[in-house]
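Chemist: Next comes the structure file my_file_38.cif, holding mmCIF, C-alpha atoms (C1' of nucleotides).
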data_target
loop_
_atom_site.label_atom_id
_atom_site.label_comp_id
_atom_site.auth_asym_id
_atom_site.auth_seq_id
_atom_site.Cartn_x
_atom_site.Cartn_y
_atom_site.Cartn_z
CA MET A 453 -67.91 77.78 15.49
CA SER A 454 -69.49 76.16 18.51
CA ASN A 455 -69.26 77.86 21.83
CA LEU A 456 -67.15 74.99 23.17
CA GLN A 457 -64.63 75.50 20.41
CA HIS A 458 -64.56 79.18 21.15
CA LEU A 459 -63.77 78.56 24.81
CA THR A 460 -61.06 75.98 24.25
CA GLU A 461 -59.44 77.99 21.48
CA THR A 462 -59.43 81.02 23.71
CA LEU A 463 -57.45 79.06 26.28
CA GLN A 464 -55.04 77.71 23.68
CA GLN A 465 -54.43 81.07 22.10
CA ALA A 466 -53.55 82.39 25.53
CA GLY A 467 -50.81 79.76 25.62
CA MET A 468 -52.57 77.50 28.11
CA ARG A 469 -52.78 73.74 27.98
CA LEU A 470 -56.03 72.02 27.19
CA THR A 471 -56.12 69.68 30.15
CA PRO A 472 -59.03 67.26 30.54
CA GLN A 473 -60.30 69.22 33.53
CA ARG A 474 -60.34 72.47 31.58
CA ILE A 475 -62.06 70.85 28.63
CA ALA A 476 -64.72 69.43 30.90
CA ILE A 477 -65.32 72.82 32.47
CA CYS A 478 -65.56 74.50 29.08
CA LYS A 479 -67.90 71.79 27.85
CA LEU A 480 -70.23 72.25 30.77
CA LEU A 481 -70.18 76.03 30.36
CA ALA A 482 -70.87 75.78 26.65
CA GLU A 483 -73.74 73.32 26.93
CA THR A 484 -75.61 74.35 30.05
CA GLU A 485 -78.74 76.41 29.96
CA GLU A 486 -78.21 77.25 33.61
CA HIS A 487 -75.94 79.96 34.90
CA PRO A 488 -73.79 77.77 37.07
CA THR A 489 -71.73 78.63 40.12
CA ALA A 490 -68.22 77.33 40.70
CA ALA A 491 -69.60 74.85 43.21
CA ALA A 492 -72.23 73.62 40.75
CA ILE A 493 -69.61 73.06 38.08
CA TYR A 494 -67.43 71.23 40.57
CA GLU A 495 -70.29 68.93 41.60
CA GLN A 496 -71.23 68.06 38.04
CA ILE A 497 -67.70 67.27 36.87
CA LYS A 498 -66.59 65.53 40.03
CA SER A 499 -67.90 62.18 38.79
CA GLN A 500 -65.57 62.26 35.79
CA PHE A 501 -62.59 63.50 37.80
CA PRO A 502 -62.82 62.16 41.33
CA SER A 503 -59.63 64.01 42.28
CA LEU A 504 -60.90 67.33 40.99
CA SER A 505 -60.21 70.31 43.19
CA LEU A 506 -62.40 73.35 43.60
CA ALA A 507 -59.29 75.46 43.07
CA THR A 508 -59.03 74.15 39.53
CA VAL A 509 -62.58 75.21 38.81
CA TYR A 510 -61.99 78.67 40.22
CA ASN A 511 -58.69 79.02 38.36
CA THR A 512 -60.21 78.02 35.03
CA LEU A 513 -63.19 80.29 35.49
CA ASP A 514 -60.99 83.23 36.44
CA THR A 515 -58.86 82.64 33.39
CA LEU A 516 -61.81 82.47 31.04
CA VAL A 517 -63.24 85.60 32.58
CA SER A 518 -60.08 87.60 32.27
CA LEU A 519 -59.79 86.45 28.66
CA GLY A 520 -63.25 87.82 28.06
CA ALA A 521 -64.80 84.49 27.10
CA VAL A 522 -67.07 84.14 30.10
CA ASN A 523 -69.17 86.66 31.95
CA VAL A 524 -69.56 86.96 35.71
CA LEU A 525 -73.13 87.61 36.71
CA GLY A 526 -72.36 87.95 40.40
CA HIS A 527 -74.67 86.98 43.20
CA ALA A 528 -78.21 86.25 42.11
CA GLY A 529 -80.30 86.11 45.21
CA ASP A 530 -78.18 83.41 46.75
CA ASP A 531 -74.66 83.73 48.04
CA HIS A 532 -72.88 82.34 45.02
CA VAL A 533 -71.27 83.95 42.02
CA HIS A 534 -72.90 82.81 38.79
CA TYR A 535 -71.13 82.51 35.44
CA ASP A 536 -72.47 82.83 31.94
CA ALA A 537 -70.68 81.69 28.79
CA ASP A 538 -73.15 83.46 26.55
CA MET A 539 -71.39 86.71 25.70
CA GLU A 540 -74.05 87.94 23.31
CA PRO A 541 -75.73 91.01 24.78
CA HIS A 542 -78.82 89.79 26.57
CA VAL A 543 -80.77 90.24 29.75
CA ASN A 544 -80.43 87.79 32.61
CA LEU A 545 -83.63 87.46 34.54
CA ALA A 546 -83.58 85.87 37.98
CA CYS A 547 -86.52 84.78 40.08
CA VAL A 548 -85.98 85.88 43.66
CA LYS A 549 -88.03 82.98 44.90
CA CYS A 550 -87.02 79.87 43.01
CA HIS A 551 -83.60 81.34 42.06
CA LYS A 552 -83.83 80.26 38.48
CA ILE A 553 -82.10 82.50 35.94
CA ILE A 554 -83.28 82.74 32.35
CA ASP A 555 -81.99 84.62 29.33
CA ILE A 556 -84.02 87.22 27.51
CA PRO A 557 -82.94 88.39 24.09
CA SER A 558 -83.43 92.11 23.99
CA GLU A 559 -83.51 94.65 21.24
CA HIS A 560 -82.51 97.45 23.57
CA VAL A 561 -79.42 95.94 25.21
CA HIS A 562 -77.90 95.69 21.76
CA HIS A 563 -77.85 99.46 21.61
CA LEU A 564 -76.51 100.01 25.11
CA ASP A 565 -72.86 99.43 24.23
CA SER A 566 -72.52 102.28 21.81
CA GLU A 567 -74.73 104.52 23.91
CA ILE A 568 -72.50 103.99 26.95
CA THR A 569 -69.26 104.29 25.04
CA GLN A 570 -70.29 107.60 23.57
CA ALA A 571 -71.54 109.00 26.83
CA SER A 572 -68.57 107.97 28.94
CA GLY A 573 -65.45 107.46 26.87
CA PHE A 574 -64.92 104.12 28.64
CA LYS A 575 -63.41 101.20 26.81
CA LEU A 576 -66.05 98.55 27.56
CA LEU A 577 -64.89 95.11 28.60
CA GLY A 578 -68.12 93.44 29.64
CA ALA A 579 -71.55 93.80 31.09
CA ARG A 580 -73.80 92.41 33.71
CA VAL A 581 -77.44 93.00 32.98
CA LEU A 582 -79.43 91.23 35.63
CA TYR A 583 -83.07 91.89 36.33
CA TYR A 584 -84.93 90.21 39.10
CA GLY A 585 -88.47 89.57 40.00
CA LEU A 586 -91.04 86.83 40.38
CA CYS A 587 -91.41 84.26 37.65
CA PRO A 588 -94.94 83.37 36.52
CA ALA A 589 -94.95 80.17 38.55
CA CYS A 590 -93.85 81.89 41.76
CA GLN A 591 -96.31 84.74 41.31
CA ALA A 592 -99.08 82.22 41.78
CA GLU A 593 -97.86 81.26 45.24
CA PRO A 594 -98.32 83.62 48.20
CA VAL A 595 -95.52 86.11 48.79
CA GLU A 596 -93.49 85.64 51.94
CA ALA A 597 -90.62 87.52 53.56
CA ALA A 598 -88.56 89.29 50.95
CA THR A 599 -85.34 87.71 49.86
CA THR A 600 -82.19 89.56 50.75
CA TRP A 601 -80.37 91.04 47.80
CA MET B 986 -89.72 114.63 47.61
CA SER B 987 -86.05 114.31 48.40
CA ASN B 988 -84.44 110.95 48.23
CA LEU B 989 -83.71 111.11 51.96
CA GLN B 990 -87.38 111.61 52.71
CA HIS B 991 -88.24 108.71 50.48
CA LEU B 992 -85.88 106.41 52.34
CA THR B 993 -86.98 107.39 55.83
CA GLU B 994 -90.65 107.29 54.93
CA THR B 995 -90.17 103.86 53.47
CA LEU B 996 -88.81 102.66 56.79
CA GLN B 997 -91.60 104.31 58.73
CA GLN B 998 -94.32 102.95 56.53
CA ALA B 999 -92.90 99.50 57.11
CA GLY B 1000 -93.53 100.08 60.81
CA MET B 1001 -89.88 100.57 61.70
CA ARG B 1002 -88.48 103.18 64.06
CA LEU B 1003 -86.46 106.08 62.74
CA THR B 1004 -83.44 105.65 64.97
CA PRO B 1005 -80.52 108.07 64.65
CA GLN B 1006 -78.36 105.33 63.18
CA ARG B 1007 -80.91 104.53 60.50
CA ILE B 1008 -81.38 108.18 59.66
CA ALA B 1009 -77.64 108.65 59.28
CA ILE B 1010 -77.41 105.66 56.98
CA CYS B 1011 -80.30 106.91 54.85
CA LYS B 1012 -78.77 110.37 54.73
CA LEU B 1013 -75.46 109.06 53.50
CA LEU B 1014 -77.16 106.87 50.91
CA ALA B 1015 -79.28 109.74 49.67
CA GLU B 1016 -76.47 112.25 49.38
CA THR B 1017 -73.51 110.24 48.14
CA GLU B 1018 -72.44 110.17 44.55
CA GLU B 1019 -70.47 107.03 45.26
CA HIS B 1020 -71.91 103.56 45.35
CA PRO B 1021 -70.86 102.70 48.86
CA THR B 1022 -70.24 99.34 50.45
CA ALA B 1023 -71.47 98.43 53.93
CA ALA B 1024 -67.94 98.91 55.23
CA ALA B 1025 -67.67 102.35 53.63
CA ILE B 1026 -70.94 103.47 55.19
CA TYR B 1027 -69.79 102.15 58.53
CA GLU B 1028 -66.52 104.06 58.33
CA GLN B 1029 -68.16 107.33 57.40
CA ILE B 1030 -70.83 107.24 60.09
CA LYS B 1031 -68.61 105.86 62.81
CA SER B 1032 -67.49 109.35 63.84
CA GLN B 1033 -71.04 110.39 64.69
CA PHE B 1034 -71.85 107.10 66.43
CA PRO B 1035 -68.70 105.73 68.01
CA SER B 1036 -70.60 102.71 69.26
CA LEU B 1037 -72.00 101.88 65.83
CA SER B 1038 -71.93 98.24 64.87
CA LEU B 1039 -71.45 96.86 61.39
CA ALA B 1040 -74.46 94.65 62.03
CA THR B 1041 -76.67 97.71 62.21
CA VAL B 1042 -75.43 98.88 58.84
CA TYR B 1043 -76.06 95.49 57.28
CA ASN B 1044 -79.48 95.23 58.89
CA THR B 1045 -80.57 98.64 57.70
CA LEU B 1046 -79.28 98.03 54.18
CA ASP B 1047 -81.00 94.67 53.99
CA THR B 1048 -84.24 96.24 55.14
CA LEU B 1049 -84.06 99.05 52.60
CA VAL B 1050 -83.25 96.57 49.87
CA SER B 1051 -86.11 94.25 50.68
CA LEU B 1052 -88.44 97.25 50.78
CA GLY B 1053 -87.28 98.11 47.27
CA ALA B 1054 -85.82 101.50 48.19
CA VAL B 1055 -82.19 100.62 47.58
CA ASN B 1056 -80.54 98.59 44.87
CA VAL B 1057 -77.76 96.06 45.32
CA LEU B 1058 -75.13 96.34 42.63
CA GLY B 1059 -73.13 93.37 43.81
CA HIS B 1060 -69.39 93.02 43.53
CA ALA B 1061 -67.77 95.57 41.28
CA GLY B 1062 -64.28 94.37 40.66
CA ASP B 1063 -63.46 94.31 44.33
CA ASP B 1064 -64.75 91.89 46.94
CA HIS B 1065 -67.45 94.12 48.39
CA VAL B 1066 -71.13 94.48 47.69
CA HIS B 1067 -72.02 97.98 46.51
CA TYR B 1068 -75.35 99.70 47.14
CA ASP B 1069 -77.16 102.34 45.12
CA ALA B 1070 -80.06 104.45 46.38
CA ASP B 1071 -80.81 105.77 42.91
CA MET B 1072 -83.65 103.56 41.76
CA GLU B 1073 -84.20 105.40 38.48
CA PRO B 1074 -83.31 103.11 35.58
CA HIS B 1075 -79.72 103.87 34.69
CA VAL B 1076 -76.46 102.20 33.80
CA ASN B 1077 -73.73 101.73 36.38
CA LEU B 1078 -70.32 101.86 34.83
CA ALA B 1079 -67.34 100.56 36.79
CA CYS B 1080 -63.68 100.97 35.95
CA VAL B 1081 -61.91 97.66 36.51
CA LYS B 1082 -58.69 99.48 37.29
CA CYS B 1083 -59.47 102.38 39.61
CA HIS B 1084 -62.74 100.78 40.80
CA LYS B 1085 -64.73 103.94 40.48
CA ILE B 1086 -68.39 103.56 39.57
CA ILE B 1087 -70.30 106.22 37.72
CA ASP B 1088 -73.89 106.53 36.61
CA ILE B 1089 -74.92 106.86 32.99
CA PRO B 1090 -78.42 108.01 32.15
CA SER B 1091 -79.59 105.88 29.27
CA GLU B 1092 -82.41 106.13 26.84
CA HIS B 1093 -82.43 102.40 26.20
CA VAL B 1094 -82.60 101.12 29.77
CA HIS B 1095 -85.84 103.00 30.16
CA HIS B 1096 -87.40 100.69 27.64
CA LEU B 1097 -85.98 97.48 29.04
CA ASP B 1098 -88.60 97.06 31.76
CA SER B 1099 -91.59 96.75 29.49
CA GLU B 1100 -89.61 94.72 26.98
CA ILE B 1101 -88.64 92.18 29.64
CA THR B 1102 -92.06 92.05 31.25
CA GLN B 1103 -93.70 91.32 27.94
CA ALA B 1104 -91.18 88.70 26.94
CA SER B 1105 -91.11 86.83 30.23
CA GLY B 1106 -94.27 87.36 32.26
CA PHE B 1107 -92.09 88.11 35.29
CA LYS B 1108 -93.19 90.64 37.84
CA LEU B 1109 -90.09 92.83 37.95
CA LEU B 1110 -88.75 93.92 41.32
CA GLY B 1111 -85.45 95.52 40.40
CA ALA B 1112 -82.46 95.57 38.16
CA ARG B 1113 -78.72 95.56 38.19
CA VAL B 1114 -77.24 97.03 35.06
CA LEU B 1115 -73.51 97.14 35.52
CA TYR B 1116 -71.07 97.61 32.70
CA TYR B 1117 -67.37 97.50 33.23
CA GLY B 1118 -64.34 98.67 31.37
CA LEU B 1119 -61.50 101.15 31.49
CA CYS B 1120 -62.24 104.76 32.27
CA PRO B 1121 -60.55 107.41 30.09
CA ALA B 1122 -57.92 108.13 32.74
CA CYS B 1123 -56.97 104.47 33.16
CA GLN B 1124 -56.88 103.85 29.41
CA ALA B 1125 -53.94 106.20 29.25
CA GLU B 1126 -51.86 104.04 31.59
CA PRO B 1127 -50.41 100.71 30.39
CA VAL B 1128 -52.66 97.68 30.84
CA GLU B 1129 -51.47 95.09 33.32
CA ALA B 1130 -52.74 91.71 34.42
CA ALA B 1131 -56.49 91.50 34.04
CA THR B 1132 -58.58 92.03 37.11
CA THR B 1133 -60.56 89.05 38.30
CA TRP B 1134 -64.27 89.39 37.86
"C1'" DT C 248 -93.85 103.55 86.92
"C1'" DT C 249 -93.80 98.66 84.92
"C1'" DT C 250 -94.01 95.75 81.00
"C1'" DT C 251 -93.29 94.62 76.48
"C1'" DT C 252 -91.18 95.03 72.12
"C1'" DA C 253 -87.80 96.85 68.90
"C1'" DT C 254 -83.17 97.95 68.23
"C1'" DT C 255 -78.35 98.10 68.81
"C1'" DT C 256 -74.20 96.15 69.98
"C1'" DA C 257 -70.17 92.94 70.60
"C1'" DT C 258 -68.67 88.88 69.42
"C1'" DA C 259 -68.68 84.36 67.52
"C1'" DA C 260 -69.72 81.53 63.56
"C1'" DT C 261 -70.21 80.64 58.68
"C1'" DC C 262 -68.73 79.74 54.32
"C1'" DA C 263 -67.46 81.14 49.53
"C1'" DT C 264 -63.26 82.14 47.71
"C1'" DT C 265 -58.20 82.56 47.63
"C1'" DC C 266 -53.67 81.19 48.88
"C1'" DT C 267 -49.80 77.91 49.44
"C1'" DA C 268 -46.82 74.36 48.82
"C1'" DA C 269 -46.31 69.74 47.44
"C1'" DA C 270 -47.45 66.26 43.95
"C1'" DT C 271 -48.50 65.34 39.24
"C1'" DT C 272 -48.65 65.93 34.38
"C1'" DT C 273 -47.05 67.63 30.20
"C1'" DA C 274 -44.12 69.18 26.11
"C1'" DG C 275 -40.13 69.02 24.16
"C1'" DA C 276 -35.12 67.98 24.24
"C1'" DA C 277 -31.62 64.58 24.47
"C1'" DT D 1222 -37.56 56.22 25.52
"C1'" DT D 1223 -35.88 58.87 29.26
"C1'" DC D 1224 -34.88 63.40 31.23
"C1'" DT D 1225 -35.83 68.06 32.56
"C1'" DA D 1226 -38.21 72.18 33.29
"C1'" DA D 1227 -42.39 74.44 33.28
"C1'" DA D 1228 -47.34 74.25 33.77
"C1'" DT D 1229 -51.06 72.38 36.19
"C1'" DT D 1230 -53.63 70.14 39.67
"C1'" DT D 1231 -54.49 69.05 44.21
"C1'" DA D 1232 -55.41 69.14 49.39
"C1'" DG D 1233 -55.77 71.75 52.88
"C1'" DA D 1234 -55.06 76.04 55.38
"C1'" DA D 1235 -56.10 80.95 55.50
"C1'" DT D 1236 -58.82 84.97 54.53
"C1'" DG D 1237 -62.42 88.02 55.17
"C1'" DA D 1238 -67.10 89.69 54.05
"C1'" DT D 1239 -71.34 88.70 55.82
"C1'" DT D 1240 -74.63 86.53 59.09
"C1'" DA D 1241 -76.17 84.75 63.43
"C1'" DT D 1242 -76.59 85.02 68.45
"C1'" DA D 1243 -77.50 86.65 72.73
"C1'" DA D 1244 -77.06 90.27 76.00
"C1'" DA D 1245 -77.75 95.28 76.74
"C1'" DT D 1246 -80.27 99.36 75.71
"C1'" DA D 1247 -83.94 102.31 74.25
"C1'" DA D 1248 -88.45 103.37 73.18
"C1'" DA D 1249 -93.56 102.61 73.27
"C1'" DA D 1250 -97.55 100.96 75.56
"C1'" DA D 1251 -100.14 99.97 79.56
#
Is it possible to give me this structure as C-alpha cells?
Modeler:
Amino acid sequence: MSNLQHLTETLQQAGMRLTPQRIAICKLLAETEEHPTAAAIYEQIKSQFPSLSLATVYNTLDTLVSLGAVNVLGHAGDDHVHYDADMEPHVNLACVKCHKIIDIPSEHVHHLDSEITQASGFKLLGARVLYYGLCPACQAEPVEAATTW
Amino acid sequence: MSNLQHLTETLQQAGMRLTPQRIAICKLLAETEEHPTAAAIYEQIKSQFPSLSLATVYNTLDTLVSLGAVNVLGHAGDDHVHYDADMEPHVNLACVKCHKIIDIPSEHVHHLDSEITQASGFKLLGARVLYYGLCPACQAEPVEAATTW
DNA sequence: TTTTTATTTATAATCATTCTAAATTTAGAA
DNA sequence: TTCTAAATTTAGAATGATTATAAATAAAAA
C-alpha cells in the first residue's frame, strides 16, 4: 500500500470526508522528501486551491497526527513545526546552518521502542528522534554565530 | 565536576560574567529533575530576584544552548519549549496526558552517534530524542480526545 | 574617579498557531 | 432532483510564547 493510500484511508476510517483539500495535503505529505511545515504545505497547494485557508492545513495535520499517521518533528532550528509522514523508526538529521533535514535509517532506533517500553511501562504513541549538526557542505564554510535552538 | 560547575564554567570560558541571575538559572537547571520551560524557570527564581525579567531567562538559556551545555527538547505536548541540562545521551519520555517528562537511560542511544556520523558525514552538535505515550498512571484512566502534537 | 562595556530590565513588537462564526460543500433522504 | 442536516472550509480576529528595543544599572578598565 502506498503511503498516500495509507493516509487517505486513515482519514476515511476515522469517519472523515476525503475532500480535495485533504487529498492534496496527504499527497504532498506522502510524496515529499522534505519535512514540510504547515506554511510550506499551504504555499505549495495554494496554486491548486486559491481559496485554501491555513486553518484547513492545520486542521488536517492535527487530525493526521492524532490518528497516528503523521509525526510531528517540532522546531528544527527555525521557528516552524515540521511534519513527517514517514512513521518508520528512523533518525531525522537537521543541519543547523542550511536547515535541511534528511532521514537516516538506523539499526539502533529499531530497538529503542522495546527498550523504552520495558524500562518505563509507558504505552508508546510516537517518537521524535532529531539530531542536529553541520552537514558536509556547511562544514566546508566558516562557522559563524551559533544558531539558536 | 558537578553539573552546576560545568554550566557556570562554560559561561565564564565564553567570556561572560557570572551574574547572580545567571548563577541561579544554572543552579536550577543543574539540580532539577524536571525539564523546565523558560516560564517555569522564571517563576521559580522570581522569589530570589523580584526584578527578574523573562528576557534574562531566555537570553541565558539561548547562550547555554548555543554553547552546547544545554539541550532544547522542544514542545512536549504543551505549547512551551522544554530545556534539559543533562547532555548525556538518553531518551526523554513524555506522557501526552499528564505532560510529565522522564529520562530513560538507553543502551541503544549510546550507539546512535557513531552510527549517524558514519552514515551522514554530519558533524553532530546535539540530539533530541523524545518519545511520547501514556505513562502507567494515565493508562489506567479512560482515554479521551487525542492531544495535539 | 571617569569611561567603557556588559547586563538586566520593562515594554513593545512579532508571528506561528488557534479560535470563531459565517459561508460552502457534501451525503443521504424525500 | 431538491431538501436538510451535518461536516468542512474559509477569512479574519485573537492568543500567547518568544524576540527585539532602548533605557537603566552594574561591573571592569583606565
Chemist: Please find the residues of chain B near chain C - the criterion being any atom within 10 Å, counting only C-alpha atoms (C1' of nucleotides) - and write them as a CSV table (one decimal) with C-alpha atoms, keeping the file's coordinate frame.
Modeler:
chain,number,residue,atom,x,y,z
B,1001,MET,CA,-89.9,100.6,61.7
B,1002,ARG,CA,-88.5,103.2,64.1
B,1004,THR,CA,-83.4,105.6,65.0
B,1006,GLN,CA,-78.4,105.3,63.2
B,1036,SER,CA,-70.6,102.7,69.3
B,1037,LEU,CA,-72.0,101.9,65.8
B,1038,SER,CA,-71.9,98.2,64.9
B,1039,LEU,CA,-71.4,96.9,61.4
B,1040,ALA,CA,-74.5,94.6,62.0
B,1041,THR,CA,-76.7,97.7,62.2
B,1064,ASP,CA,-64.8,91.9,46.9
Chemist: Box for range 249-265 of chain C - axis-aligned, 6 Å on each of the six sides, all listed atoms - centre and size in Å to one decimal, as AutoDock Vina command-line options.
Modeler:
--center_x -76.1 --center_y 89.2 --center_z 66.3 --size_x 47.8 --size_y 30.9 --size_z 49.3
Chemist: Out of A:Ser572, A:Asn523, A:Ser558, A:Thr512, which residue has the shortest atom-to-atom distance to chain D when counting all atoms listed in the file?
Modeler: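 The closest residue to chain D is A:Thr512.
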Chemist: Given all atoms listed in the file as the basis, pick out the residue of D:DA1245, D:DT1231, D:DA1251, D:DG1237 nearest to chain B.
Modeler: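 Under the stated criterion, the closest residue is D:DG1237.
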Chemist: Could you list the residues chosen by the PyMOL selection byres ((chain A) within 7 of (chain B)) in this structure as a list in words?
Modeler: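 For this structure, the PyMOL selection byres ((chain A) within 7 of (chain B)) resolves to Asp514, Val517, Ser518, Val524, Gly526, His527, His560, Leu564, Gly573, Phe574, Lys575, Leu576, Leu577, Gly578, Ala579, Arg580, Val581, Leu582, Tyr583, Tyr584, Gly585, Leu586, Cys587, Pro588, Ala598, Thr599, Thr600 and Trp601 of chain A.
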Chemist: Dump as a list of chain:residue names the residues of chain D that approach chain B to within 9 Å, counting all atoms listed in the file.
Modeler: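 Residues of chain D within 9 Å of chain B, counting all atoms listed in the file: D:DA1238, D:DT1239, D:DT1240.
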Chemist: Could you check how far CA of Glu486 in chain A sits from CA of Arg474 in chain A, in Å to one decimal?
Modeler: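 Computing the Euclidean distance for CA of Glu486 in chain A and CA of Arg474 in chain A yields 18.6 Å.
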Chemist: Quick one: distance from CA of Lys479 in chain A to CA of Asn455 in chain A in Å, one decimal?
Modeler: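 The value is 8.7 Å.
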Chemist: So how many Å separate CA of His1067 in chain B and CA of His542 in chain A, to one decimal?
Modeler: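 So the answer is 22.6 Å.
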Chemist: Over all C-alpha pairs taken in sequence order, what does chain A look like after a least-squares fit onto chain B? Please give it as a short mmCIF file (atom, residue, chain, number, x, y, z; two decimals) with C-alpha atoms, in the coordinates of the input.
Modeler:
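Output below, filename selection30.cif:
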data_model
loop_
_atom_site.label_atom_id
_atom_site.label_comp_id
_atom_site.auth_asym_id
_atom_site.auth_seq_id
_atom_site.Cartn_x
_atom_site.Cartn_y
_atom_site.Cartn_z
CA MET A 453 -89.63 114.78 47.68
CA SER A 454 -85.94 114.40 48.40
CA ASN A 455 -84.38 111.01 48.23
CA LEU A 456 -83.64 111.15 51.96
CA GLN A 457 -87.29 111.70 52.71
CA HIS A 458 -88.19 108.83 50.47
CA LEU A 459 -85.85 106.48 52.33
CA THR A 460 -86.92 107.47 55.82
CA GLU A 461 -90.60 107.42 54.93
CA THR A 462 -90.17 103.99 53.45
CA LEU A 463 -88.82 102.77 56.77
CA GLN A 464 -91.60 104.45 58.73
CA GLN A 465 -94.34 103.12 56.52
CA ALA A 466 -92.95 99.65 57.09
CA GLY A 467 -93.55 100.23 60.79
CA MET A 468 -89.89 100.69 61.68
CA ARG A 469 -88.45 103.26 64.03
CA LEU A 470 -86.41 106.13 62.72
CA THR A 471 -83.39 105.69 64.94
CA PRO A 472 -80.46 108.09 64.63
CA GLN A 473 -78.32 105.33 63.15
CA ARG A 474 -80.88 104.56 60.47
CA ILE A 475 -81.31 108.22 59.63
CA ALA A 476 -77.58 108.63 59.28
CA ILE A 477 -77.38 105.64 56.96
CA CYS A 478 -80.25 106.92 54.84
CA LYS A 479 -78.69 110.37 54.72
CA LEU A 480 -75.40 109.02 53.49
CA LEU A 481 -77.13 106.85 50.89
CA ALA A 482 -79.23 109.75 49.67
CA GLU A 483 -76.39 112.23 49.38
CA THR A 484 -73.44 110.21 48.14
CA GLU A 485 -72.39 110.14 44.55
CA GLU A 486 -70.45 106.97 45.24
CA HIS A 487 -71.92 103.51 45.33
CA PRO A 488 -70.88 102.64 48.83
CA THR A 489 -70.29 99.27 50.44
CA ALA A 490 -71.52 98.38 53.91
CA ALA A 491 -67.99 98.82 55.22
CA ALA A 492 -67.67 102.25 53.61
CA ILE A 493 -70.93 103.39 55.17
CA TYR A 494 -69.81 102.07 58.53
CA GLU A 495 -66.49 103.95 58.32
CA GLN A 496 -68.11 107.23 57.38
CA ILE A 497 -70.77 107.17 60.09
CA LYS A 498 -68.56 105.76 62.81
CA SER A 499 -67.39 109.23 63.84
CA GLN A 500 -70.94 110.29 64.68
CA PHE A 501 -71.79 107.02 66.43
CA PRO A 502 -68.66 105.61 68.03
CA SER A 503 -70.61 102.57 69.25
CA LEU A 504 -71.99 101.79 65.82
CA SER A 505 -71.97 98.16 64.84
CA LEU A 506 -71.50 96.77 61.37
CA ALA A 507 -74.54 94.59 62.00
CA THR A 508 -76.70 97.69 62.19
CA VAL A 509 -75.46 98.84 58.82
CA TYR A 510 -76.11 95.46 57.26
CA ASN A 511 -79.55 95.22 58.88
CA THR A 512 -80.60 98.66 57.67
CA LEU A 513 -79.33 98.04 54.18
CA ASP A 514 -81.08 94.68 53.97
CA THR A 515 -84.30 96.28 55.12
CA LEU A 516 -84.11 99.08 52.59
CA VAL A 517 -83.33 96.59 49.87
CA SER A 518 -86.20 94.31 50.66
CA LEU A 519 -88.49 97.35 50.76
CA GLY A 520 -87.34 98.19 47.27
CA ALA A 521 -85.83 101.55 48.18
CA VAL A 522 -82.22 100.64 47.56
CA ASN A 523 -80.59 98.60 44.85
CA VAL A 524 -77.82 96.05 45.29
CA LEU A 525 -75.20 96.33 42.60
CA GLY A 526 -73.20 93.36 43.81
CA HIS A 527 -69.47 92.99 43.53
CA ALA A 528 -67.83 95.54 41.28
CA GLY A 529 -64.33 94.36 40.66
CA ASP A 530 -63.51 94.25 44.33
CA ASP A 531 -64.85 91.84 46.90
CA HIS A 532 -67.53 94.07 48.34
CA VAL A 533 -71.22 94.42 47.66
CA HIS A 534 -72.08 97.93 46.49
CA TYR A 535 -75.40 99.68 47.12
CA ASP A 536 -77.18 102.32 45.11
CA ALA A 537 -80.05 104.46 46.36
CA ASP A 538 -80.80 105.77 42.90
CA MET A 539 -83.67 103.58 41.74
CA GLU A 540 -84.21 105.40 38.47
CA PRO A 541 -83.31 103.10 35.59
CA HIS A 542 -79.73 103.86 34.68
CA VAL A 543 -76.48 102.20 33.79
CA ASN A 544 -73.75 101.73 36.37
CA LEU A 545 -70.34 101.88 34.82
CA ALA A 546 -67.35 100.59 36.76
CA CYS A 547 -63.69 101.01 35.95
CA VAL A 548 -61.91 97.71 36.46
CA LYS A 549 -58.71 99.52 37.28
CA CYS A 550 -59.49 102.39 39.61
CA HIS A 551 -62.77 100.77 40.79
CA LYS A 552 -64.75 103.94 40.48
CA ILE A 553 -68.42 103.54 39.57
CA ILE A 554 -70.33 106.23 37.70
CA ASP A 555 -73.94 106.54 36.61
CA ILE A 556 -74.96 106.87 33.00
CA PRO A 557 -78.46 107.99 32.13
CA SER A 558 -79.63 105.86 29.27
CA GLU A 559 -82.46 106.10 26.84
CA HIS A 560 -82.47 102.37 26.23
CA VAL A 561 -82.62 101.06 29.80
CA HIS A 562 -85.87 102.94 30.19
CA HIS A 563 -87.42 100.61 27.66
CA LEU A 564 -85.97 97.41 29.08
CA ASP A 565 -88.57 96.98 31.81
CA SER A 566 -91.55 96.64 29.55
CA GLU A 567 -89.57 94.65 27.01
CA ILE A 568 -88.58 92.11 29.67
CA THR A 569 -91.99 91.95 31.27
CA GLN A 570 -93.64 91.21 27.97
CA ALA A 571 -91.11 88.61 26.95
CA SER A 572 -91.03 86.73 30.23
CA GLY A 573 -94.18 87.25 32.26
CA PHE A 574 -92.01 88.00 35.30
CA LYS A 575 -93.12 90.52 37.87
CA LEU A 576 -90.01 92.72 37.98
CA LEU A 577 -88.69 93.79 41.36
CA GLY A 578 -85.38 95.40 40.47
CA ALA A 579 -82.43 95.51 38.18
CA ARG A 580 -78.70 95.51 38.18
CA VAL A 581 -77.24 97.01 35.06
CA LEU A 582 -73.51 97.14 35.50
CA TYR A 583 -71.07 97.64 32.68
CA TYR A 584 -67.37 97.58 33.18
CA GLY A 585 -64.36 98.74 31.35
CA LEU A 586 -61.52 101.22 31.48
CA CYS A 587 -62.26 104.82 32.28
CA PRO A 588 -60.59 107.50 30.13
CA ALA A 589 -57.96 108.19 32.77
CA CYS A 590 -57.00 104.53 33.17
CA GLN A 591 -56.90 103.95 29.42
CA ALA A 592 -53.96 106.31 29.29
CA GLU A 593 -51.90 104.15 31.63
CA PRO A 594 -50.42 100.84 30.45
CA VAL A 595 -52.62 97.78 30.88
CA GLU A 596 -51.45 95.21 33.39
CA ALA A 597 -52.74 91.83 34.53
CA ALA A 598 -56.49 91.65 34.15
CA THR A 599 -58.61 92.16 37.19
CA THR A 600 -60.57 89.18 38.38
CA TRP A 601 -64.30 89.50 37.94
#
Chemist: Spell out the residues picked by the PyMOL selection byres ((chain A and resi 457-462) around 8) here, as a list in words.
Modeler: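 For this structure, the PyMOL selection byres ((chain A and resi 457-462) around 8) resolves to Met453, Ser454, Asn455, Leu456, Leu463, Gln464, Gln465, Ala466, Leu470, Ile475, Cys478, Ala482, Leu516, Leu519 and Ala521 of chain A.
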